[in-house]
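Chemist: query.txt (compact mmCIF, C-alpha atoms) pasted underneath:
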# COMPACT_ATOMS: atom_id res chain seq x y z
CA MET A 1396 0.00 0.00 0.00
CA LEU A 1397 2.83 2.37 0.86
CA LEU A 1398 4.55 1.67 -2.46
CA ASP A 1399 1.48 2.44 -4.55
CA CYS A 1400 0.20 5.31 -2.39
CA TRP A 1401 3.61 7.02 -2.46
CA SER A 1402 4.41 6.52 -6.15
CA ILE A 1403 1.13 8.03 -7.40
CA PRO A 1404 1.45 11.40 -5.57
CA SER A 1405 5.16 11.49 -6.47
CA VAL A 1406 4.33 11.05 -10.16
CA MET A 1407 1.64 13.73 -10.00
CA LEU A 1408 4.00 16.16 -8.28
CA LEU A 1409 6.87 15.52 -10.72
CA THR A 1410 4.65 15.83 -13.79
CA PHE A 1411 3.16 19.04 -12.41
CA ILE A 1412 6.61 20.57 -11.79
CA PHE A 1413 8.62 19.37 -14.79
CA LEU A 1414 6.04 18.51 -17.48
CA LYS A 1415 3.57 21.30 -16.58
CA THR A 1416 0.68 18.82 -16.40
CA LYS A 1417 -2.53 20.29 -15.00
CA TYR A 1418 -4.84 18.05 -13.01
CA ARG A 1419 -8.50 18.96 -12.83
CA PHE A 1420 -10.83 18.03 -9.99
CA ARG A 1421 -12.17 15.02 -11.89
CA LYS A 1422 -8.70 13.49 -12.23
CA ILE A 1423 -7.91 14.07 -8.56
CA ALA A 1424 -11.23 12.44 -7.65
CA GLY A 1425 -10.31 9.40 -9.76
CA VAL A 1426 -6.96 9.10 -7.98
CA ILE A 1427 -8.66 9.27 -4.57
CA VAL A 1428 -11.13 6.52 -5.53
CA CYS A 1429 -8.28 4.28 -6.77
CA VAL A 1430 -6.27 4.77 -3.59
CA ALA A 1431 -9.41 4.08 -1.52
CA GLY A 1432 -9.78 0.76 -3.33
CA LEU A 1433 -6.16 -0.09 -2.54
CA VAL A 1434 -6.73 0.67 1.13
CA MET A 1435 -9.66 -1.76 1.06
CA VAL A 1436 -7.29 -4.48 -0.14
CA ILE A 1437 -5.01 -3.89 2.86
CA PHE A 1438 -7.90 -3.88 5.30
CA SER A 1439 -9.20 -7.09 3.77
CA ASP A 1440 -5.81 -8.69 4.47
CA ILE A 1441 -5.99 -7.47 8.07
CA HIS A 1442 -9.56 -8.68 8.39
CA ALA A 1443 -8.64 -12.11 7.04
CA GLY A 1444 -5.57 -12.35 9.28
CA ASP A 1445 -3.32 -12.83 6.24
CA ARG A 1446 -0.63 -10.37 7.29
CA SER A 1447 2.83 -11.24 8.55
CA GLY A 1448 4.93 -8.80 10.51
CA GLY A 1449 8.40 -7.74 9.37
CA ARG A 1450 11.63 -7.65 11.35
CA ASP A 1451 12.32 -3.92 10.86
CA PRO A 1452 9.16 -2.07 9.66
CA ARG A 1453 10.75 1.39 9.75
CA LYS A 1454 13.64 0.34 7.56
CA GLY A 1455 11.24 -1.39 5.22
CA ASP A 1456 9.07 1.73 4.99
CA LEU A 1457 12.07 3.90 4.16
CA LEU A 1458 13.24 1.49 1.47
CA VAL A 1459 9.74 1.35 -0.03
CA ILE A 1460 9.48 5.16 -0.07
CA ALA A 1461 12.91 5.45 -1.72
CA GLY A 1462 12.01 2.80 -4.30
CA ALA A 1463 8.63 4.39 -5.04
CA THR A 1464 10.28 7.81 -5.49
CA LEU A 1465 12.86 6.42 -7.91
CA TYR A 1466 10.12 4.56 -9.77
CA ALA A 1467 8.16 7.81 -10.10
CA ILE A 1468 11.27 9.59 -11.43
CA SER A 1469 11.78 6.77 -13.93
CA ASN A 1470 8.19 6.95 -15.18
CA VAL A 1471 8.15 10.73 -15.51
CA SER A 1472 11.51 10.74 -17.31
CA GLU A 1473 10.27 8.05 -19.68
CA GLU A 1474 7.09 10.02 -20.33
CA PHE A 1475 9.18 13.11 -21.17
CA LEU A 1476 11.37 11.12 -23.57
CA VAL A 1477 8.39 9.41 -25.23
CA LYS A 1478 6.64 12.72 -25.89
CA ASN A 1479 9.74 14.65 -26.98
CA ALA A 1480 12.00 12.03 -28.62
CA ASN A 1481 11.90 8.85 -30.68
CA ARG A 1482 10.00 6.02 -28.98
CA VAL A 1483 11.91 3.26 -30.82
CA GLU A 1484 15.23 4.75 -29.76
CA LEU A 1485 14.02 4.93 -26.15
CA MET A 1486 12.96 1.28 -26.09
CA SER A 1487 16.22 0.18 -27.73
CA PHE A 1488 18.47 1.95 -25.25
CA LEU A 1489 16.23 0.94 -22.34
CA GLY A 1490 16.65 -2.72 -23.25
CA LEU A 1491 20.38 -2.38 -23.93
CA PHE A 1492 21.38 -0.58 -20.73
CA GLY A 1493 18.81 -2.53 -18.70
CA ALA A 1494 20.45 -5.80 -19.72
CA ILE A 1495 23.94 -4.50 -18.91
CA ILE A 1496 22.94 -3.11 -15.49
CA SER A 1497 20.95 -6.24 -14.61
CA ALA A 1498 23.90 -8.49 -15.52
CA ILE A 1499 26.20 -6.43 -13.29
CA GLN A 1500 23.72 -6.60 -10.40
CA ILE A 1501 23.28 -10.37 -10.74
CA SER A 1502 27.03 -10.99 -10.88
CA ILE A 1503 27.56 -8.99 -7.67
CA ILE A 1504 24.47 -9.58 -5.53
CA GLU A 1505 22.99 -12.92 -6.69
CA ARG A 1506 26.06 -14.75 -7.91
CA ASN A 1507 25.71 -17.66 -5.49
CA GLU A 1508 21.98 -18.08 -6.18
CA LEU A 1509 22.70 -18.14 -9.91
CA LYS A 1510 25.25 -20.94 -9.46
CA SER A 1511 22.86 -23.01 -7.36
CA ILE A 1512 20.13 -23.14 -10.04
CA HIS A 1513 19.64 -26.54 -11.66
CA TRP A 1514 18.63 -25.65 -15.20
CA THR A 1515 15.82 -28.00 -16.09
CA ALA A 1516 12.73 -27.49 -18.20
CA GLY A 1517 10.67 -26.85 -15.08
CA ALA A 1518 13.09 -24.11 -13.99
CA ALA A 1519 13.62 -22.58 -17.42
CA PHE A 1520 9.98 -22.14 -18.44
CA PRO A 1521 9.08 -19.80 -15.53
CA PHE A 1522 12.09 -17.64 -16.38
CA PHE A 1523 11.06 -17.61 -20.02
CA GLY A 1524 7.47 -16.73 -19.16
CA PHE A 1525 8.56 -13.95 -16.82
CA SER A 1526 10.93 -12.53 -19.46
CA LEU A 1527 8.16 -12.60 -22.06
CA ALA A 1528 5.74 -10.85 -19.70
CA MET A 1529 8.28 -8.13 -18.86
CA PHE A 1530 9.10 -7.71 -22.57
CA LEU A 1531 5.45 -7.14 -23.39
CA PHE A 1532 5.03 -4.86 -20.38
CA TYR A 1533 7.92 -2.56 -21.27
CA SER A 1534 6.90 -2.62 -24.95
CA PHE A 1535 3.42 -1.29 -24.22
CA VAL A 1536 4.39 1.10 -21.40
CA PRO A 1537 5.74 3.80 -23.80
CA VAL A 1538 2.48 3.65 -25.76
CA LEU A 1539 0.44 4.17 -22.58
CA LEU A 1540 2.76 6.95 -21.42
CA LYS A 1541 2.34 8.80 -24.69
CA MET A 1542 -1.43 8.39 -24.69
CA SER A 1543 -2.36 8.90 -21.03
CA GLY A 1544 0.76 9.80 -19.01
CA SER A 1545 2.66 8.28 -16.10
CA THR A 1546 -0.13 8.92 -13.57
CA MET A 1547 -2.52 6.72 -15.53
CA LEU A 1548 0.20 4.05 -15.70
CA ASN A 1549 0.62 3.95 -11.92
CA LEU A 1550 -3.13 3.92 -11.38
CA SER A 1551 -3.47 1.02 -13.82
CA LEU A 1552 -0.77 -0.90 -11.93
CA LEU A 1553 -3.08 -0.91 -8.91
CA THR A 1554 -5.09 -3.60 -10.66
CA SER A 1555 -2.11 -5.97 -10.32
CA ASP A 1556 -3.26 -6.73 -6.77
CA MET A 1557 -6.66 -7.65 -8.13
CA TRP A 1558 -5.19 -9.98 -10.76
CA ALA A 1559 -3.18 -11.59 -7.96
CA VAL A 1560 -6.46 -12.27 -6.14
CA ILE A 1561 -7.87 -13.95 -9.25
CA ILE A 1562 -4.76 -16.14 -9.52
CA ARG A 1563 -5.07 -17.04 -5.82
CA ILE A 1564 -8.69 -18.10 -6.34
CA PHE A 1565 -8.37 -20.14 -9.54
CA ALA A 1566 -4.74 -21.35 -9.48
CA TYR A 1567 -4.14 -21.93 -5.77
CA HIS A 1568 -7.79 -22.42 -4.73
CA GLU A 1569 -7.50 -20.01 -1.83
CA LYS A 1570 -10.38 -18.13 -0.25
CA VAL A 1571 -10.27 -14.34 -0.24
CA ASP A 1572 -12.24 -11.76 1.67
CA TRP A 1573 -15.28 -10.11 0.08
CA MET A 1574 -13.61 -6.69 0.39
CA TYR A 1575 -11.22 -7.68 -2.43
CA PHE A 1576 -14.05 -7.57 -4.94
CA LEU A 1577 -15.27 -4.23 -3.60
CA ALA A 1578 -11.73 -2.87 -3.86
CA PHE A 1579 -11.44 -4.11 -7.46
CA ALA A 1580 -14.67 -2.31 -8.34
CA ALA A 1581 -13.42 0.89 -6.67
CA VAL A 1582 -10.14 0.83 -8.61
CA ALA A 1583 -12.00 0.22 -11.90
CA VAL A 1584 -14.38 3.11 -11.21
CA GLY A 1585 -11.45 5.37 -10.31
CA LEU A 1586 -9.71 4.54 -13.59
CA VAL A 1587 -12.88 5.36 -15.54
CA ILE A 1588 -13.23 8.69 -13.71
CA TYR A 1589 -9.59 9.58 -14.35
CA SER A 1590 -9.71 8.67 -18.04
CA GLY A 1591 -12.95 10.67 -18.36
CA GLY A 1592 -11.00 13.69 -17.13
CA ASP A 1593 -8.66 13.23 -20.11
CA LYS A 1594 -11.59 13.43 -22.55
CA GLU A 1595 -12.93 16.55 -20.84
CA GLU A 1596 -9.51 18.16 -21.02
CA ASP A 1597 -9.22 17.30 -24.71
CA GLN A 1598 -12.59 18.96 -25.34
CA HIS A 1599 -11.44 22.10 -23.55
CA GLN A 1600 -8.25 22.10 -25.61
CA CYS A 1601 -10.22 21.65 -28.84
CA ILE A 1602 -12.53 24.52 -27.92
CA ALA A 1603 -9.56 26.70 -27.05
CA SER A 1604 -7.81 25.81 -30.31
CA VAL A 1605 -10.96 26.58 -32.31
CA GLY A 1606 -11.22 29.91 -30.53
CA ASP A 1607 -7.59 30.65 -31.33
CA GLU A 1608 -8.19 29.75 -34.98
CA ASP A 1609 -11.23 32.03 -35.14
CA ALA A 1610 -9.25 34.84 -33.56
CA GLY A 1611 -6.44 34.26 -36.06
CA ARG A 1612 -8.87 34.27 -38.98
CA SER A 1613 -10.54 37.50 -37.83
CA LYS A 1614 -7.10 39.04 -37.41
CA CYS A 1615 -6.18 37.99 -40.94
CA PHE A 1616 -9.44 39.43 -42.27
CA ASP A 1617 -8.78 42.71 -40.47
CA GLU A 1618 -5.27 42.86 -41.88
CA GLU A 1619 -6.59 42.16 -45.39
CA ALA A 1620 -9.25 44.87 -45.00
CA ASP A 1621 -6.63 47.36 -43.85
CA PHE A 1622 -4.44 46.38 -46.78
CA ASP A 1623 -7.34 46.87 -49.21
CA ASN A 1624 -8.09 50.28 -47.73
CA ILE A 1625 -4.45 51.27 -48.10
CA ASN A 1626 -4.44 50.12 -51.74
CA ARG A 1627 -7.65 52.01 -52.47
CA GLY A 1628 -6.23 55.14 -50.89
CA ALA A 1629 -3.06 54.78 -52.91
CA ILE A 1630 -5.03 54.32 -56.15
CA ALA A 1631 -7.25 57.30 -55.36
CA GLY A 1632 -4.21 59.40 -54.56
CA SER A 1633 -2.51 58.38 -57.79
CA SER A 1634 -5.65 59.18 -59.79
CA LYS A 1635 -5.86 62.58 -58.15
CA THR A 1636 -2.19 63.17 -58.88
CA GLY A 1637 -2.75 62.14 -62.50
CA ASP A 1638 -5.71 64.54 -62.88
CA THR A 1639 -3.71 67.35 -61.34
CA SER A 1640 -0.78 66.72 -63.66
CA LYS A 1641 -3.12 66.64 -66.64
CA HIS A 1642 -4.69 69.93 -65.55
CA ASP A 1643 -1.24 71.47 -65.14
CA CYS A 1644 -0.24 70.29 -68.61
CA ILE A 1645 -3.40 71.77 -70.16
CA THR A 1646 -2.91 75.09 -68.35
CA SER A 1647 0.71 75.36 -69.38
CA GLY A 1648 -0.27 74.51 -72.96
CA GLU A 1649 -2.93 77.25 -72.99
CA ARG A 1650 -0.45 79.76 -71.58
CA SER A 1651 2.12 78.94 -74.25
CA GLU A 1652 -0.52 79.31 -76.97
CA THR A 1653 -1.58 82.70 -75.56
CA ILE A 1654 2.02 83.91 -75.51
CA GLU A 1655 2.55 82.78 -79.09
CA ASN A 1656 -0.62 84.59 -80.23
CA ARG A 1657 0.56 87.76 -78.55
CA ASN A 1658 3.93 87.52 -80.27
CA ILE A 1659 2.26 86.97 -83.64
CA GLY A 1660 0.03 90.05 -83.07
CA LYS A 1661 3.07 92.20 -82.27
CA ASP A 1662 4.83 91.06 -85.43
CA VAL A 1663 1.79 91.93 -87.55
CA GLN A 1664 1.51 95.39 -86.04
CA GLY A 1665 5.23 96.03 -86.64
CA LYS A 1666 4.95 95.05 -90.29
CA LYS A 1667 1.95 97.37 -90.78
CA MET A 1668 3.89 100.34 -89.36
CA ILE A 1669 6.78 99.67 -91.71
CA TYR A 1670 4.51 99.60 -94.69
Translate the structure of the given file into structure tokens.
Modeler:
Amino acid sequence: MLLDCWSIPSVMLLTFIFLKTKYRFRKIAGVIVCVAGLVMVIFSDIHAGDRSGGRDPRKGDLLVIAGATLYAISNVSEEFLVKNANRVELMSFLGLFGAIISAIQISIIERNELKSIHWTAGAAFPFFGFSLAMFLFYSFVPVLLKMSGSTMLNLSLLTSDMWAVIIRIFAYHEKVDWMYFLAFAAVAVGLVIYSGGDKEEDQHQCIASVGDEDAGRSKCFDEEADFDNINRGAIAGSSKTGDTSKHDCITSGERSETIENRNIGKDVQGKKMIY
């Protein structure tokens, strides 16, 4: 319970700080319902008496908190890389460096356990099945992170406890408390509420984008109208300038004709006086 209840708020806080993710009331309500379902699972274990005490609970709690924090950092970093880089490249390097780091850890920490394994078909098939399950898990995680985010991933992982209950019932024929089924229903309802918040947010974004497009179109229309007015003013000014120049040409032509007529009249009068 501590692992799941600490990783979900850590993921929400990290995505809010670094990825600028905004959580509406509906999403927060979905998270609360999911966590409430997880708490029911723990209380059902207490009610059924299926809880064993640890040797050092405080140390265990600190280790769980540290692991949940690192898991939240890993999920948020992967979400950032999926949304801003190449998903195939991310999965390739994740598998490459994961294999190298895991091999180093096994050779240091679990070297003796690895030597003591008797490799038979019964021992190899569980390893193969687990490897296949983890391969499929980490192949689909980037897709979920790109579609819904790391918070939705951690909320979906809460259902792993419920699948464990189903395996206990049908594979090991164990009896479980009735609160398990109520908790499973609460987690499912919480996931539906949270995913519904994503659709509502997409609608708000679509409305905002349509509003921005309308504002951009009106701005373009205003700019085109201003440009047309400027062109009309320029054409009107040029036509007025052309009329004025024509009028000036006509006036200057009339003046030159008048001066020539006066000169011709003077010449005629001079010739008459001579005669």
Chemist: Using only C-alpha atoms, which of the listed residues (A:Asn1470, A:Asn1507, A:Ser1497, A:Ser1502) sits closest to Leu1540 (chain A)?
Modeler: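 Checking each candidate against Leu1540 (chain A), we get A:Asn1470 as the closest.
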Chemist: How far is it from CA of Arg1482 (chain A) to CA of Pro1537 (chain A), in Å with one decimal?
Modeler: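 Atom-to-atom, CA of Arg1482 (chain A) to CA of Pro1537 (chain A), that is 7.1 Å.
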Chemist: Just to confirm, what's the straight-line distance from CA of Ser1526 (chain A) to CA of His1513 (chain A) in Å (one decimal)?
Modeler: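 Result for CA of Ser1526 (chain A) versus CA of His1513 (chain A): 18.2 Å, one decimal.
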Chemist: Which residue out of A:Val1406, A:Ala1431, A:Lys1415, A:Met1529 has the minimum interatomic distance to Met1574 (chain A) when only C-alpha atoms are used?
Modeler: A:Ala1431
Chemist: Expressed in Å to a single decimal, how great is the separation between CA of Val1426 (chain A) and CA of Leu1586 (chain A)?
Modeler: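 Computing it gives 7.7 Å between the two atoms.
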Chemist: Determine the nearest neighbour of Arg1563 (chain A) from the options A:Tyr1575, A:Ile1412, A:Ser1534, A:Val1483, counting all atoms listed in the file.
Modeler: A:Tyr1575
Chemist: Which residues of region 1471-1575 of chain A sit at most 10 Å from region 1587-1590 of chain A, using only C-alpha atoms? Give each one's shortest atom pair and distance in Å (one decimal place), in chain and ascending residue order, as CSV.
Modeler:
residue,atom,partner,partner_atom,distance
A:Ser1543,CA,A:Ser1590,CA,7.9
A:Thr1546,CA,A:Tyr1589,CA,9.5
A:Met1547,CA,A:Tyr1589,CA,7.7
A:Leu1550,CA,A:Tyr1589,CA,9.1
Chemist: Please dump the current selection as a PDB file, keeping the file's coordinate frame; keep C-alpha atoms.
Modeler:
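selection-v2.pdb, written as the output of this step:
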ATOM      1  CA  SER A1543      -2.360   8.900 -21.030  1.00  0.00           C
ATOM      2  CA  THR A1546      -0.130   8.920 -13.570  1.00  0.00           C
ATOM      3  CA  MET A1547      -2.520   6.720 -15.530  1.00  0.00           C
ATOM      4  CA  LEU A1550      -3.130   3.920 -11.380  1.00  0.00           C
TER       5      LEU A1550
END
Chemist: Find the residues around Arg1421 (chain A) up to 7 Å (all atoms listed in the file counted), leave out those fewer than 2 positions away in its own chain, and share them as a list of chain:residue names.
Modeler: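 Listed by chain and then number, they are A:Arg1419, A:Ile1423, A:Ala1424, A:Gly1425, A:Ile1588, A:Tyr1589, A:Gly1592.
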Chemist: Using all atoms listed in the file, pick whichever of A:Leu1409, A:Ala1566, A:Leu1548, A:Ile1512 has the shortest atom-to-atom distance to Tyr1533 (chain A).
Modeler: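 Distance minimum relative to Tyr1533 (chain A) lands on A:Leu1548.
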Chemist: Taking into account all atoms listed in the file, which residue in the set A:Lys1541, A:Val1571, A:Phe1523, A:Cys1400 is nearest to Ala1480 (chain A)?
Modeler: A:Lys1541
Chemist: From the list A:Lys1454, A:Ala1467, A:Lys1422, A:Val1582, which residue is nearest Trp1401 (chain A) when using all atoms listed in the file?
Modeler: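 Looking at the shortest contact to Trp1401 (chain A), the residue is A:Ala1467.
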Chemist: Report as JSON, numbers by chain all protein, DNA and RNA residues lying within 10 Å of Ala1578 (chain A), evaluated on all atoms listed in the file, omitting residues in the same chain fewer than 4 positions from it.
Modeler: {"A": [1428, 1429, 1430, 1431, 1432, 1433, 1434, 1435, 1436, 1437, 1438, 1439, 1554, 1556, 1557, 1573, 1574, 1582, 1583, 1584]}
